[in-house]
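> Below are the structure tokens for one structure; questions will follow.
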Amino acid sequence: MKNSLILLFFVGLVSFGQDTMKTVSGVVTDGRSPMSGVTITVLGTSANTSTDDLGKYRVQVPMGNTLRYSYQGMKAVEIKIEDVTRILNVDMVPDIEELEEVTVTGSNRKSQSELASEYPRNMNLIRTAFGYLNAATAPGNIRFLNEEEINPVAICILDLLRNEFSGVRVQGTCMGAFGRDEGIANELNNLTGRNVNDPGVVGLNPVGTGLSGSLNEGKVFIRGASSLFNPRSAIFDIDGQIINDPPIWLDIKNIKRIAILNNFATTTNYGSAGAGGVIVINTISGTPQSNKIVDQARLRNNFVASNILGSDEVRRNWPTYLQDIYASTTLEEAKTTYQKYAGQYASLPFFTLDIQKYFKEKWNEGEYADGIVEDNSNLWNQNPVLLKALAYQYQEQGEFEKANNLFKKVLKLRPNYAQSYLDLANSYRELRDVKQAAAMYTRYNYLIEQGFMEKDSIGIGAIFEREYNNFLLLEKNALVKGEKAAGLFIADEDFKGTRLVFEWNDSEAEFELQFVNPGGQYTLLKHSLADNAGMIRKEKEYGYNTAEYLIDNALPGTWTINVNYLGNKSLTPTYLKATVYYDYGSYSQRKETKVFKMTLKNAPYELFQMSVGSKLVLR
């Protein structure tokens, strides 16, 4: 967070224990047919099982552990077990390299301008003195360390490399720059066979300004010795500046990314100087900061296909009870239709959610709808996934107090999920309760500072920071009175325009979101294990299900947002909430909330349209 506004609204800390055993079952398929003999392992233990002839399995696993599904020739699937995990129907895909579905003229290699625009969100990119290098397409293996993975305890770059990269041999210590360390003396004693503290030993000075000779700077070796007595050490490329010796002066906390280049194909531009390999470092302060929003669709020749279903076609796939009740022409007819199906479907929480939405939005019968919800509250009171689905609907309907009560229940059930704090903080904002909103924002920050939760600087952490800063910008006068409000530090908004925030209630949900610009070109976000397992693993690790999209005003016209729902590993719907902020980052900021029940699988259809001037960037 950019701010440490400490307010006395914290409630007691809760235990984050995860020792509950879960029985997980399901069917593994190749997308068409069941797969027998798939090995299912509980990572970190010796427990494993395999699927039978019908692809079925059942396994006991502690909550918080991860199941790994493996089969020769197929991509391995890893799924973290959560509090609601009970059924996991897994589709495996062949382990082959897939090409993007784009039309390309000439070479399919991305240009440097394309790579530059992707750099903030693509963790496979490193900026070298000779341009951007993409680990996904570069020859050989490139090892990466990103900002959130860097341990700030390391004194200097030598310690960091020594501790984080196996196989990298580091000579020397950090104390040449920071003062005397007994470890240096011991190392030199071993190297020379003499006592460096003996006044008679000259040319070795581990005190004050540092060691003399090459041991002062240290050396790093990432390749095998080129000769027995004269191995080549690695050189360093720091924000495009090439140096021979390790930068022990570099602040570890200022490092954004590190990449190890240890094969000739990736170091050839460095000539003979790179014979020992290259360690590329991108710093935070040296990374260009640009507010320019890049329309990823216009960088490619992606034009949306004509097979996108409209709302009428989607409606034809509704369940019978929903089609019948929406066909009612009077309120009494609608109530009769509800009673007709209630006996058959009352035990299904999604039936109740559908009925609540219908009577509230179609007939404005809030009291009647709330009575149905209350009668069936036992279906979701202990299920955070269903609680969030109902809370989304209440937010869409402007029932902010009811949504707030549900988000409070979710926080009690999931105190170790970052999303729980973000949802409740934003819910208090909707209620105009600025003190409680501030309490939730700062509580999350406090838990990170105290080590109860991990910090995520790229995913939910970046979104949390943006939300909190925006909150302070708009509510500082209500939060802090008089001169104190003027003295409250608020970072400049790095974006103004239209902001879209997507949230989904089920962490197992897999889908593709397509953003079509006014010219008919699109950008595609693939949220699936087959295409982006790392992103989903990160979401579960930190406990969030959200993504934001920023649109500026450079290209006026109508944007269309489409979805292709791929399922959620069980035969249940997923609820997707889209919050659109207009004039974001200004005092005229306003928002609109839309909620979609996703059930139709593998059939792209339109979610909604909005008329804004825009280019799109994924964050």
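For the structure tokens, the naming scheme is as follows: chains receive sequential letters (A, B, ...) according to their order of presentation, residues are indexed from 1 within each chain, and ligands are indexed from 1 in presentation order.
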Would you mind writing down, as a VMD selection string, each residue of segment 245-437 of chain A that DSSP on the backbone assigns to strand (DSSP E)?

chain A and resid 255 to 261 278 to 283

> Quick one: residues within 7 Å of Ile157 of chain A, only C-alpha atoms counted, chain neighbours fewer than 6 positions away excluded, as number ranges by chain?

A: 247-248, 252

> Compare A:Tyr544, A:Arg466, A:Gly31, A:Lys362 by their minimum atom-to-atom distance to Asn602 of chain A, counting only C-alpha atoms, and give me the closest one.

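Of A:Tyr544, A:Arg466, A:Gly31, A:Lys362, the one nearest Asn602 of chain A is A:Gly31, counting only C-alpha atoms.
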
> Between A:Ser586, A:Gln521, A:Gln171, A:Ser113, which is the closest to Lys496 of chain A once you count only C-alpha atoms?

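Smallest distance to Lys496 of chain A is found for A:Ser586.
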